[in-house]
>>> print(open('coords38.cif').read())   # mmCIF, C-alpha atoms and all ligand atoms
data_upload
loop_
_atom_site.label_atom_id
_atom_site.label_comp_id
_atom_site.auth_asym_id
_atom_site.auth_seq_id
_atom_site.Cartn_x
_atom_site.Cartn_y
_atom_site.Cartn_z
CA MET A 1 5.79 -25.36 17.74
CA ASN A 2 9.57 -25.13 17.62
CA PRO A 3 10.54 -25.17 21.34
CA ASN A 4 13.21 -22.52 20.78
CA VAL A 5 10.63 -20.13 19.38
CA GLU A 6 8.42 -20.76 22.37
CA LEU A 7 11.24 -20.37 24.86
CA ALA A 8 12.50 -17.18 23.20
CA TYR A 9 9.00 -15.76 23.42
CA LYS A 10 8.72 -16.64 27.09
CA LEU A 11 11.96 -14.82 27.85
CA ALA A 12 10.98 -11.86 25.68
CA LYS A 13 7.65 -11.66 27.46
CA GLU A 14 9.45 -11.37 30.77
CA ARG A 15 11.88 -8.74 29.50
CA TYR A 16 9.03 -6.62 28.14
CA ALA A 17 7.03 -7.07 31.33
CA GLU A 18 9.96 -5.46 33.19
CA ILE A 19 9.32 -2.25 31.24
CA GLY A 20 5.56 -2.51 31.60
CA VAL A 21 4.70 -3.95 28.20
CA ASP A 22 2.29 -6.86 27.79
CA THR A 23 3.43 -8.89 24.78
CA ASP A 24 0.25 -11.03 24.64
CA ALA A 25 -1.82 -7.86 24.34
CA VAL A 26 0.47 -6.66 21.56
CA LEU A 27 0.01 -9.89 19.61
CA ASN A 28 -3.72 -9.48 19.89
CA ILE A 29 -3.62 -5.98 18.43
CA LEU A 30 -1.11 -6.92 15.74
CA LYS A 31 -3.20 -9.75 14.33
CA ASP A 32 -6.04 -7.35 13.57
CA ILE A 33 -4.03 -4.63 11.82
CA PRO A 34 -4.73 -5.08 8.12
CA VAL A 35 -1.95 -4.68 5.60
CA SER A 36 -3.24 -4.15 2.08
CA VAL A 37 -0.94 -6.01 -0.26
CA HIS A 38 -0.56 -4.71 -3.80
CA CYS A 39 -1.36 -7.30 -6.45
CA TRP A 40 1.03 -5.58 -8.88
CA GLN A 41 4.27 -6.89 -7.32
CA ALA A 42 3.51 -10.31 -8.82
CA ASP A 43 3.21 -9.19 -12.44
CA ASP A 44 5.30 -6.02 -12.74
CA VAL A 45 2.23 -3.72 -12.89
CA MET A 46 1.15 -5.13 -16.24
CA GLY A 47 -2.42 -6.23 -15.61
CA PHE A 48 -4.54 -8.20 -18.05
CA GLU A 49 -5.58 -5.57 -20.54
CA VAL A 50 -2.70 -5.42 -22.97
CA ASP A 51 0.69 -7.04 -22.89
CA GLN A 52 2.85 -4.07 -21.97
CA GLY A 53 4.71 -2.65 -19.03
CA ALA A 54 3.71 0.33 -16.91
CA SER A 55 4.18 3.85 -18.20
CA GLY A 56 3.47 7.25 -16.71
CA GLY A 57 6.41 7.96 -14.45
CA ILE A 58 6.53 4.48 -12.95
CA LEU A 59 8.78 1.71 -14.11
CA CYS A 60 9.36 -1.87 -13.07
CA THR A 61 12.83 -3.13 -13.90
CA GLY A 62 14.24 -6.65 -14.02
CA ASN A 63 13.43 -9.91 -15.75
CA TYR A 64 13.52 -12.52 -13.02
CA PRO A 65 11.52 -15.55 -14.24
CA GLY A 66 8.07 -16.34 -12.88
CA ARG A 67 5.94 -13.27 -13.56
CA ALA A 68 2.22 -14.00 -13.13
CA ARG A 69 0.81 -13.70 -16.65
CA THR A 70 -2.85 -14.52 -16.12
CA PRO A 71 -5.46 -13.95 -13.43
CA GLU A 72 -5.21 -17.65 -12.57
CA GLU A 73 -1.45 -17.42 -12.08
CA LEU A 74 -1.81 -14.27 -10.01
CA ARG A 75 -4.43 -15.87 -7.78
CA ALA A 76 -2.28 -18.98 -7.42
CA ASP A 77 0.60 -16.76 -6.28
CA LEU A 78 -1.72 -15.03 -3.84
CA ASP A 79 -2.92 -18.36 -2.45
CA GLN A 80 0.69 -19.31 -1.88
CA PHE A 81 1.44 -15.89 -0.36
CA LEU A 82 -1.43 -16.29 2.11
CA THR A 83 -0.02 -19.62 3.30
CA LEU A 84 3.14 -17.74 4.32
CA MET A 85 1.62 -14.71 6.02
CA PRO A 86 0.35 -14.33 9.58
CA GLY A 87 -2.01 -11.48 10.50
CA THR A 88 -4.73 -9.74 8.53
CA ILE A 89 -4.09 -9.30 4.82
CA ARG A 90 -6.14 -7.31 2.31
CA LEU A 91 -5.63 -7.34 -1.46
CA ASN A 92 -5.19 -4.13 -3.42
CA LEU A 93 -6.27 -4.35 -7.08
CA HIS A 94 -5.96 -1.97 -10.02
CA ALA A 95 -8.54 -1.53 -12.77
CA ILE A 96 -6.19 -3.17 -15.31
CA TYR A 97 -6.62 -6.47 -13.45
CA ARG A 98 -10.16 -6.75 -14.79
CA GLU A 99 -11.11 -10.01 -16.47
CA SER A 100 -12.92 -10.14 -19.75
CA GLU A 101 -13.12 -12.54 -22.70
CA THR A 102 -13.07 -9.66 -25.15
CA PHE A 103 -11.49 -6.23 -24.95
CA VAL A 104 -13.39 -3.87 -22.69
CA ASP A 105 -12.68 -0.18 -22.62
CA ARG A 106 -11.50 1.18 -19.29
CA ALA A 107 -14.32 3.69 -19.21
CA LYS A 108 -16.81 0.82 -19.47
CA ILE A 109 -15.63 -1.60 -16.80
CA THR A 110 -18.20 -2.83 -14.27
CA PRO A 111 -18.18 -4.93 -11.10
CA GLU A 112 -18.91 -7.95 -13.33
CA HIS A 113 -15.32 -7.75 -14.62
CA PHE A 114 -14.09 -8.29 -11.06
CA LYS A 115 -16.40 -11.15 -10.17
CA ASN A 116 -13.60 -13.70 -9.95
CA TRP A 117 -11.63 -11.42 -7.67
CA ILE A 118 -14.61 -10.85 -5.41
CA ASP A 119 -15.29 -14.60 -5.28
CA TRP A 120 -11.65 -15.26 -4.49
CA ALA A 121 -11.69 -12.65 -1.71
CA LYS A 122 -14.90 -14.14 -0.29
CA GLN A 123 -13.39 -17.61 -0.23
CA ASN A 124 -10.31 -16.35 1.54
CA LYS A 125 -12.24 -13.99 3.80
CA ILE A 126 -10.12 -11.02 2.91
CA GLY A 127 -11.02 -7.45 2.03
CA LEU A 128 -10.32 -5.79 -1.30
CA ASP A 129 -9.04 -2.31 -2.06
CA PHE A 130 -9.11 -0.74 -5.49
CA ASN A 131 -7.48 1.76 -7.84
CA PRO A 132 -8.55 3.28 -11.14
CA THR A 133 -5.69 2.95 -13.64
CA TYR A 134 -4.92 6.32 -15.18
CA PHE A 135 -1.63 5.19 -16.75
CA SER A 136 -0.32 2.71 -19.34
CA HIS A 137 -2.97 3.77 -21.87
CA PRO A 138 -3.09 5.64 -25.21
CA ASN A 139 -5.26 8.36 -23.65
CA ALA A 140 -2.48 8.98 -21.13
CA SER A 141 0.27 9.20 -23.74
CA ASP A 142 0.56 13.00 -23.49
CA GLY A 143 1.43 12.56 -19.83
CA LEU A 144 -1.87 14.17 -18.84
CA THR A 145 -5.21 12.59 -17.97
CA LEU A 146 -7.68 14.37 -15.66
CA SER A 147 -5.85 17.66 -16.19
CA HIS A 148 -5.53 17.29 -19.99
CA PRO A 149 -6.41 20.47 -21.92
CA ASP A 150 -8.66 18.42 -24.23
CA LYS A 151 -12.11 18.01 -22.71
CA GLY A 152 -12.65 14.74 -24.59
CA ILE A 153 -9.65 13.14 -22.89
CA ARG A 154 -10.63 14.51 -19.50
CA ASP A 155 -14.17 13.18 -19.95
CA TYR A 156 -12.82 9.76 -20.85
CA TRP A 157 -10.86 9.56 -17.62
CA ILE A 158 -13.72 11.01 -15.59
CA GLU A 159 -15.89 8.18 -16.89
CA HIS A 160 -13.20 5.72 -15.83
CA GLY A 161 -13.01 7.23 -12.35
CA ILE A 162 -16.78 7.07 -11.92
CA ALA A 163 -16.90 3.46 -13.16
CA CYS A 164 -14.16 2.50 -10.71
CA ARG A 165 -15.95 4.04 -7.71
CA GLU A 166 -18.96 1.86 -8.49
CA ILE A 167 -16.69 -1.18 -8.67
CA ALA A 168 -15.09 -0.32 -5.33
CA ALA A 169 -18.52 0.13 -3.76
CA ALA A 170 -19.67 -3.21 -5.16
CA MET A 171 -16.57 -4.92 -3.78
CA GLY A 172 -17.14 -3.43 -0.34
CA LYS A 173 -20.82 -4.30 -0.36
CA GLU A 174 -20.38 -7.88 -1.60
CA LEU A 175 -17.65 -8.60 0.90
CA GLY A 176 -19.18 -6.71 3.81
CA ASN A 177 -15.75 -5.14 4.12
CA ARG A 178 -15.17 -1.52 3.15
CA CYS A 179 -13.03 -0.97 0.07
CA VAL A 180 -10.62 1.98 -0.10
CA MET A 181 -10.24 3.38 -3.60
CA ASN A 182 -7.06 5.30 -4.25
CA THR A 183 -6.83 7.86 -7.03
CA TRP A 184 -3.37 8.49 -8.45
CA ILE A 185 -2.78 10.13 -11.80
CA PRO A 186 0.56 10.49 -13.57
CA ASP A 187 -0.12 14.03 -14.82
CA GLY A 188 2.87 16.29 -15.04
CA PHE A 189 5.54 17.91 -17.17
CA LYS A 190 9.09 17.03 -18.14
CA ASP A 191 9.94 20.67 -18.60
CA THR A 192 8.81 23.74 -16.73
CA PRO A 193 5.19 24.44 -17.59
CA VAL A 194 3.84 27.97 -17.88
CA ASP A 195 0.30 27.25 -16.76
CA ARG A 196 0.43 25.14 -13.64
CA PHE A 197 -2.64 26.97 -12.40
CA GLY A 198 -4.70 25.99 -15.45
CA ALA A 199 -3.71 22.33 -15.20
CA ARG A 200 -4.49 22.20 -11.48
CA LYS A 201 -7.79 24.00 -11.99
CA ARG A 202 -8.77 21.40 -14.59
CA LEU A 203 -7.81 18.64 -12.16
CA VAL A 204 -10.07 20.08 -9.46
CA ASP A 205 -12.93 20.22 -11.91
CA SER A 206 -12.41 16.61 -13.06
CA LEU A 207 -12.12 15.28 -9.52
CA ASP A 208 -15.24 17.18 -8.47
CA GLN A 209 -17.15 15.37 -11.20
CA ILE A 210 -15.74 11.96 -10.26
CA PHE A 211 -16.50 12.36 -6.56
CA ALA A 212 -19.87 14.10 -7.02
CA LYS A 213 -21.96 11.03 -6.27
CA GLN A 214 -22.21 10.11 -2.60
CA LEU A 215 -21.51 6.42 -2.14
CA ASP A 216 -22.14 4.57 1.10
CA PRO A 217 -19.01 5.00 3.27
CA LYS A 218 -19.71 1.54 4.70
CA HIS A 219 -18.89 0.17 1.24
CA MET A 220 -16.17 2.46 -0.06
CA ARG A 221 -14.07 5.49 0.77
CA ASP A 222 -11.97 7.58 -1.59
CA ALA A 223 -8.34 8.48 -1.13
CA VAL A 224 -6.18 10.80 -3.24
CA GLU A 225 -2.43 10.32 -3.73
CA SER A 226 0.07 13.10 -4.28
CA LYS A 227 3.49 12.93 -5.86
CA LEU A 228 6.47 15.18 -6.31
CA PHE A 229 8.08 13.89 -9.50
CA GLY A 230 8.62 10.81 -11.63
CA ILE A 231 10.47 9.70 -14.73
CA GLY A 232 9.54 12.10 -17.52
CA VAL A 233 7.64 14.27 -15.07
CA GLU A 234 10.63 15.95 -13.49
CA SER A 235 9.53 19.58 -13.46
CA CYS A 236 5.95 19.56 -12.28
CA THR A 237 3.39 17.08 -11.02
CA VAL A 238 -0.14 18.44 -11.23
CA GLY A 239 -1.39 16.44 -8.23
CA SER A 240 1.20 17.68 -5.77
CA ASN A 241 1.12 17.29 -1.99
CA GLU A 242 -0.34 20.75 -1.34
CA PHE A 243 -2.96 20.11 -3.99
CA TYR A 244 -4.23 16.85 -2.54
CA LEU A 245 -3.82 17.76 1.10
CA ALA A 246 -6.11 20.73 0.53
CA TYR A 247 -8.44 18.78 -1.72
CA ALA A 248 -8.79 15.91 0.75
CA VAL A 249 -9.43 18.17 3.72
CA LYS A 250 -11.96 20.27 1.84
CA ASN A 251 -13.85 17.28 0.49
CA ASN A 252 -13.58 14.89 3.39
CA LEU A 253 -11.50 12.33 1.49
CA MET A 254 -8.55 10.34 2.71
CA LEU A 255 -5.10 11.61 1.88
CA THR A 256 -2.68 9.01 0.54
CA LEU A 257 0.93 9.37 1.60
CA ASP A 258 3.36 7.31 -0.51
CA SER A 259 6.78 7.15 1.09
CA GLY A 260 8.40 7.41 -2.35
CA HIS A 261 6.65 10.60 -3.40
CA PHE A 262 8.63 13.32 -1.68
CA HIS A 263 12.06 14.89 -1.74
CA PRO A 264 14.73 12.23 -1.20
CA THR A 265 15.36 13.41 2.37
CA GLU A 266 11.73 14.19 3.20
CA VAL A 267 9.87 11.53 5.19
CA ILE A 268 6.18 10.74 5.51
CA SER A 269 6.53 9.60 9.14
CA ASP A 270 6.67 13.27 10.13
CA LYS A 271 3.49 14.02 8.16
CA LEU A 272 1.13 11.57 9.86
CA SER A 273 0.61 13.56 13.07
CA SER A 274 -0.26 16.70 11.08
CA ALA A 275 -2.52 15.04 8.54
CA LEU A 276 -4.34 13.10 11.27
CA LEU A 277 -5.41 16.35 12.88
CA PHE A 278 -7.25 17.46 9.76
CA THR A 279 -8.46 14.24 8.12
CA ASP A 280 -10.31 11.37 9.76
CA GLU A 281 -8.39 8.63 7.96
CA LEU A 282 -5.24 8.26 5.90
CA LEU A 283 -4.02 5.76 3.36
CA LEU A 284 -0.36 4.86 3.24
CA HIS A 285 1.60 3.51 0.31
CA VAL A 286 4.60 2.12 2.07
CA SER A 287 7.45 1.87 -0.36
CA ARG A 288 11.23 2.41 -0.46
CA PRO A 289 12.60 5.11 -2.71
CA VAL A 290 16.29 4.56 -3.21
CA ARG A 291 17.02 7.49 -5.52
CA TRP A 292 13.63 8.49 -6.89
CA ASP A 293 10.19 6.86 -6.60
CA SER A 294 12.00 3.64 -7.42
CA ASP A 295 9.63 1.34 -5.53
CA HIS A 296 12.21 -0.98 -4.00
CA VAL A 297 11.04 -3.76 -1.70
CA VAL A 298 10.24 -2.40 1.76
CA THR A 299 13.13 -3.17 4.12
CA PHE A 300 13.31 -2.85 7.88
CA ASP A 301 14.87 0.57 7.71
CA ASP A 302 14.63 3.57 10.03
CA GLU A 303 11.80 5.23 8.13
CA LEU A 304 9.66 2.08 8.13
CA GLN A 305 10.09 1.87 11.91
CA GLN A 306 9.28 5.55 12.28
CA ILE A 307 6.11 5.18 10.19
CA ALA A 308 4.92 2.29 12.35
CA SER A 309 5.83 4.11 15.56
CA GLU A 310 3.92 7.22 14.48
CA ILE A 311 0.81 5.16 13.71
CA VAL A 312 0.97 3.64 17.19
CA ARG A 313 2.03 6.78 19.05
CA CYS A 314 -0.77 8.80 17.42
CA ASP A 315 -3.16 6.09 18.56
CA ALA A 316 -4.20 5.85 14.92
CA VAL A 317 -4.12 2.14 14.22
CA LYS A 318 -7.78 2.35 13.17
CA ARG A 319 -7.37 5.61 11.22
CA VAL A 320 -4.37 4.77 9.08
CA ASN A 321 -5.00 2.31 6.28
CA ILE A 322 -1.72 0.59 5.54
CA GLY A 323 -1.05 -0.31 1.92
CA LEU A 324 2.17 -1.39 0.25
CA ASP A 325 3.39 -0.09 -3.08
CA TYR A 326 6.58 -1.39 -4.64
CA PHE A 327 7.63 -3.55 -7.55
CA ASP A 328 10.89 -5.34 -8.10
CA ALA A 329 11.35 -7.79 -10.96
CA THR A 330 15.03 -8.48 -10.29
CA ILE A 331 14.31 -10.99 -7.54
CA ASN A 332 11.78 -13.72 -6.84
CA ARG A 333 8.47 -11.87 -6.73
CA MET A 334 7.00 -14.04 -3.98
CA ALA A 335 10.03 -13.29 -1.80
CA ALA A 336 9.59 -9.58 -2.57
CA TRP A 337 5.97 -9.76 -1.43
CA VAL A 338 6.65 -11.79 1.72
CA ILE A 339 9.76 -9.89 2.83
CA GLY A 340 8.15 -6.47 2.34
CA THR A 341 4.88 -7.41 4.01
CA ARG A 342 6.57 -9.14 6.92
CA ASN A 343 8.78 -6.09 7.39
CA MET A 344 5.70 -3.92 7.67
CA GLN A 345 4.30 -6.26 10.32
CA LYS A 346 7.63 -6.45 12.14
CA ALA A 347 7.78 -2.67 12.30
CA LEU A 348 4.24 -2.57 13.70
CA CYS A 349 5.12 -5.28 16.21
CA LYS A 350 8.19 -3.40 17.39
CA ALA A 351 6.23 -0.14 17.59
CA LEU A 352 3.47 -1.74 19.66
CA LEU A 353 6.11 -3.05 22.06
CA GLU A 354 7.10 0.46 23.15
CA PRO A 355 6.18 1.58 26.68
CA ALA A 356 4.31 4.48 25.09
CA ALA A 357 2.93 6.12 28.22
CA ALA A 358 6.29 6.06 30.00
CA LEU A 359 8.05 7.58 26.98
CA LYS A 360 5.48 10.36 26.68
CA LYS A 361 5.82 11.13 30.36
CA MET A 362 9.60 11.46 30.01
CA GLU A 363 9.12 13.88 27.15
CA GLU A 364 6.51 15.99 28.94
CA THR A 365 8.78 16.32 31.95
CA PHE A 366 11.78 17.23 29.78
CA ASN A 367 13.56 14.07 30.79
CA TYR A 368 15.22 13.79 27.41
CA THR A 369 18.11 11.80 28.81
CA GLU A 370 15.86 8.95 29.94
CA ARG A 371 13.91 9.20 26.68
CA LEU A 372 17.07 8.71 24.65
CA ALA A 373 18.26 5.88 26.88
CA MET A 374 14.94 4.07 26.60
CA LEU A 375 14.63 4.53 22.83
CA GLU A 376 18.11 3.12 22.32
CA GLU A 377 17.40 0.13 24.58
CA LEU A 378 14.19 -0.59 22.68
CA LYS A 379 16.08 -1.01 19.42
CA ALA A 380 17.72 -4.22 20.62
CA MET A 381 14.96 -5.56 22.85
CA PRO A 382 13.83 -9.07 21.76
CA TRP A 383 10.95 -7.89 19.55
CA GLN A 384 11.99 -10.39 16.88
CA ALA A 385 11.14 -13.23 19.29
CA VAL A 386 7.67 -11.75 19.62
CA TYR A 387 7.21 -11.56 15.85
CA ASP A 388 8.54 -15.12 15.41
CA TYR A 389 5.99 -16.32 17.94
CA PHE A 390 3.30 -14.35 16.08
CA CYS A 391 4.16 -16.41 12.97
CA ALA A 392 4.36 -19.67 14.90
CA ILE A 393 0.95 -19.38 16.58
CA ALA A 394 -0.56 -18.60 13.17
CA ASP A 395 1.08 -21.80 11.92
CA LYS A 396 3.22 -19.91 9.39
CA PRO A 397 6.93 -20.40 8.70
CA VAL A 398 9.13 -18.63 11.23
CA GLY A 399 11.97 -16.32 10.20
CA GLY A 400 14.33 -17.40 7.41
CA SER A 401 12.60 -20.77 7.09
CA VAL A 402 9.96 -19.04 4.96
CA MET A 403 12.53 -19.10 2.15
CA GLN A 404 12.21 -22.90 1.89
CA ALA A 405 8.57 -22.57 0.93
CA ILE A 406 9.38 -19.72 -1.45
CA ARG A 407 12.10 -21.73 -3.17
CA LYS A 408 9.84 -24.76 -3.46
CA TYR A 409 7.10 -22.67 -5.07
CA GLU A 410 9.65 -21.19 -7.43
CA ASN A 411 10.83 -24.66 -8.45
CA ASP A 412 7.40 -26.22 -8.73
CA VAL A 413 5.45 -23.32 -10.23
CA GLN A 414 7.11 -20.01 -11.09
CA SER A 415 10.13 -21.41 -12.93
CA LYS A 416 7.82 -23.32 -15.29
CA ARG A 417 6.26 -20.08 -16.58
CA GLY A 418 7.54 -18.94 -19.95
C1 LIG B 501 2.79 5.89 -8.60
C2 LIG B 501 1.94 5.70 -7.40
C3 LIG B 501 0.84 4.69 -7.55
C4 LIG B 501 1.28 3.42 -8.25
C5 LIG B 501 0.29 2.28 -8.12
C6 LIG B 501 0.54 1.21 -9.11
O1 LIG B 501 3.83 6.72 -8.39
O2 LIG B 501 2.71 5.40 -6.30
O3 LIG B 501 0.29 4.44 -6.32
O4 LIG B 501 2.53 2.98 -7.83
O5 LIG B 501 -0.99 2.75 -8.15
ZN ZN B 502 1.72 4.83 -4.51
#
>>> encode(input="coords38.cif", output="structure tokens")
Amino acid sequence: MNPNVELAYKLAKERYAEIGVDTDAVLNILKDIPVSVHCWQADDVMGFEVDQGASGGILCTGNYPGRARTPEELRADLDQFLTLMPGTIRLNLHAIYRESETFVDRAKITPEHFKNWIDWAKQNKIGLDFNPTYFSHPNASDGLTLSHPDKGIRDYWIEHGIACREIAAAMGKELGNRCVMNTWIPDGFKDTPVDRFGARKRLVDSLDQIFAKQLDPKHMRDAVESKLFGIGVESCTVGSNEFYLAYAVKNNLMLTLDSGHFHPTEVISDKLSSALLFTDELLLHVSRPVRWDSDHVVTFDDELQQIASEIVRCDAVKRVNIGLDYFDATINRMAAWVIGTRNMQKALCKALLEPAAALKKMEETFNYTERLAMLEELKAMPWQAVYDYFCAIADKPVGGSVMQAIRKYENDVQSKRG
């Protein structure tokens, strides 16, 4: 190990001990917090069904070379990614990443179409999460799927949802590692609709059919993701926050909070403590909305730190499933993956390094002055030395040196892709 990394950790350990924080204990917790990494950053949300970009209110921009074009290329990228990441990583797949020699309709996919993914996950001892794909498809071209006025279209997507739940359950069972399946639909309206109630009522009915069958919660759990607006869906999104919050609570599902799916000044960090009082588990899609749901790479910004702090302060590390959701094709996609995922871990690391009990005590006794002083001190405490050490003991590149491996992979592999 680089002696400077070791020395910096030793000093950091002493500094944190002064405020009653045990850094070794923090490292132990951190290594077991899974971060579910979205496969779709590596290929611009295209999948292996047809050769076209995402549609339905989401859009990946940029043409940086090196997009993974095949399942083999995507898995190679993931193998490389895993060599660069400390901690516990899960992989989040979408239905469009199915593998099949011939075209297979989305309503007809089975666990067989994900065999290679399951084998890959087994080999790497990582868990899988899953998503039905209700977008980028002719049956979604009206901008409506499960809430479509045409029963035929709704039934098609219901069949897809049911097929996907079986796939998620098979993944969880095969891997002995529960799979979380997230349902997000693009349904909404560019202009002001007159029958929001009708559309939402149809959505309830479709979801009820999809979730009707009880599947073993040891193998899979369902989550439902709300959204405020997207490109082409500016005036109304059928699956809004109120809709899914109520639906999740009523039906004992997880609520998915995507940090890009609210008003530009509204934050999900404030929502965790409320949602956790009425649902047993949550799923997060950690993203970075710059102007809209623009899915920029997650940076170490205030909201990311607040999200991580809330998870820790609510004592909800085991109740909040952390997933990432962003896609940037203007930069090296491996760097996008690594930087965003490491930022999530750094934020968790920093959050775990808070003297939580002392801070709560200050608040309860109205000692807001000390609370402010402590919170400001914590910002510049040597948490980075702790995270560096976390990478070093996992035998992964420390800090900026990870870019050497990323550049090498770009030269040797990604730049050779057409
Ligand atoms: C879209 C949602 C959704 C997707 C992924 C690909 O606004 O955030 O989660 O980004 O499923
Ligand atoms: Zn999302």
>>> residues_around(input="coords38.cif", residues="Val317 in chain A", least_positions_apart="5", cutoff="9 Å", atoms="all atoms listed in the file", output="PyMOL selection string")
chain A and resi 33+311-312
>>> axis_aligned_box(input="coords38.cif", around="ligand LIG 501 (chain B)", padding_each_side="8 Å", output="AutoDock Vina command-line options")
--center_x 1.4 --center_y 4.0 --center_z -7.7 --size_x 20.8 --size_y 21.5 --size_z 18.8
>>> residues_near_ligand(input="coords38.cif", ligand="ligand ZN 502 (chain B)", cutoff="6 Å", atoms="all atoms listed in the file", output="PyMOL selection string")
chain A and resi 258+285+325
>>> closest_residue(input="coords38.cif", among="A:Ala169, A:Leu84, A:Leu372, A:Phe327", to="Gly400 in chain A", atoms="all atoms listed in the file")
A:Leu84
>>> residues_near_ligand(input="coords38.cif", ligand="ligand LIG 501 (chain B)", cutoff="10 Å", atoms="all atoms listed in the file", output="VMD selection string")
chain A and resid 38 to 41 44 to 46 54 to 60 92 to 95 130 to 135 182 to 186 224 to 231 256 to 261 284 to 287 293 to 295 323 to 327
>>> closest_residue(input="coords38.cif", among="A:Leu352, A:Leu359, A:Ala275, A:Ile153", to="Val320 in chain A", atoms="only C-alpha atoms")
A:Ala275
>>> residues_around(input="coords38.cif", residues="range 266-274 of chain A", least_positions_apart="3", cutoff="6 Å", atoms="all atoms listed in the file", output="list in words")
Ser259, Phe262, His263, Leu277, Gln306 and Ile307 of chain A
>>> residues_near_point(input="coords38.cif", point="(8.8, -17.4, 20.4)", cutoff="9 Å", atoms="all atoms listed in the file", output="PyMOL selection string")
chain A and resi 1-12+384-393
>>> residues_near_point(input="coords38.cif", point="(-14.3, 13.8, -9.5)", cutoff="12 Å", atoms="only C-alpha atoms", output="PyMOL selection string")
chain A and resi 146-147+154-155+157-165+183+202-214+222-224+247-248+251+253
>>> closest_residue(input="coords38.cif", among="A:Thr237, A:Thr23, A:Ser415, A:Thr330", to="Leu144 in chain A", atoms="only C-alpha atoms")
A:Thr237
>>> decode(input="coords38.cif", residues="range 257-270 of chain A", atoms="N, CA and C atoms", output="PDB file, in the first residue's frame")
ATOM      1  N   LEU A 257     -37.520   6.834  -5.391  1.00  0.00           N
ATOM      2  CA  LEU A 257     -37.312   8.281  -5.481  1.00  0.00           C
ATOM      3  C   LEU A 257     -36.105   8.529  -6.382  1.00  0.00           C
ATOM      4  N   ASP A 258     -36.361   9.161  -7.533  1.00  0.00           N
ATOM      5  CA  ASP A 258     -35.278   9.523  -8.459  1.00  0.00           C
ATOM      6  C   ASP A 258     -34.990  11.003  -8.236  1.00  0.00           C
ATOM      7  N   SER A 259     -33.715  11.317  -7.981  1.00  0.00           N
ATOM      8  CA  SER A 259     -33.399  12.705  -7.626  1.00  0.00           C
ATOM      9  C   SER A 259     -33.598  13.677  -8.795  1.00  0.00           C
ATOM     10  N   GLY A 260     -33.862  13.147  -9.991  1.00  0.00           N
ATOM     11  CA  GLY A 260     -34.118  14.039 -11.127  1.00  0.00           C
ATOM     12  C   GLY A 260     -35.594  14.215 -11.442  1.00  0.00           C
ATOM     13  N   HIS A 261     -36.464  13.684 -10.601  1.00  0.00           N
ATOM     14  CA  HIS A 261     -37.881  13.640 -10.978  1.00  0.00           C
ATOM     15  C   HIS A 261     -38.784  14.604 -10.225  1.00  0.00           C
ATOM     16  N   PHE A 262     -38.212  15.705  -9.778  1.00  0.00           N
ATOM     17  CA  PHE A 262     -39.021  16.658  -9.013  1.00  0.00           C
ATOM     18  C   PHE A 262     -38.789  18.062  -9.547  1.00  0.00           C
ATOM     19  N   HIS A 263     -39.420  19.035  -8.919  1.00  0.00           N
ATOM     20  CA  HIS A 263     -39.182  20.419  -9.316  1.00  0.00           C
ATOM     21  C   HIS A 263     -37.693  20.718  -9.171  1.00  0.00           C
ATOM     22  N   PRO A 264     -37.155  21.594 -10.015  1.00  0.00           N
ATOM     23  CA  PRO A 264     -35.712  21.832  -9.983  1.00  0.00           C
ATOM     24  C   PRO A 264     -35.163  22.217  -8.609  1.00  0.00           C
ATOM     25  N   THR A 265     -35.958  22.792  -7.741  1.00  0.00           N
ATOM     26  CA  THR A 265     -35.427  23.133  -6.412  1.00  0.00           C
ATOM     27  C   THR A 265     -35.920  22.177  -5.324  1.00  0.00           C
ATOM     28  N   GLU A 266     -36.626  21.145  -5.735  1.00  0.00           N
ATOM     29  CA  GLU A 266     -37.162  20.192  -4.746  1.00  0.00           C
ATOM     30  C   GLU A 266     -36.156  19.048  -4.611  1.00  0.00           C
ATOM     31  N   VAL A 267     -35.904  18.599  -3.396  1.00  0.00           N
ATOM     32  CA  VAL A 267     -34.875  17.577  -3.195  1.00  0.00           C
ATOM     33  C   VAL A 267     -35.459  16.303  -2.580  1.00  0.00           C
ATOM     34  N   ILE A 268     -34.886  15.163  -2.966  1.00  0.00           N
ATOM     35  CA  ILE A 268     -35.407  13.907  -2.401  1.00  0.00           C
ATOM     36  C   ILE A 268     -34.856  13.644  -1.004  1.00  0.00           C
ATOM     37  N   SER A 269     -33.732  14.296  -0.653  1.00  0.00           N
ATOM     38  CA  SER A 269     -33.160  14.032   0.679  1.00  0.00           C
ATOM     39  C   SER A 269     -34.179  14.344   1.775  1.00  0.00           C
ATOM     40  N   ASP A 270     -35.017  15.339   1.536  1.00  0.00           N
ATOM     41  CA  ASP A 270     -36.031  15.705   2.534  1.00  0.00           C
ATOM     42  C   ASP A 270     -37.181  14.704   2.571  1.00  0.00           C
TER      43      ASP A 270
END
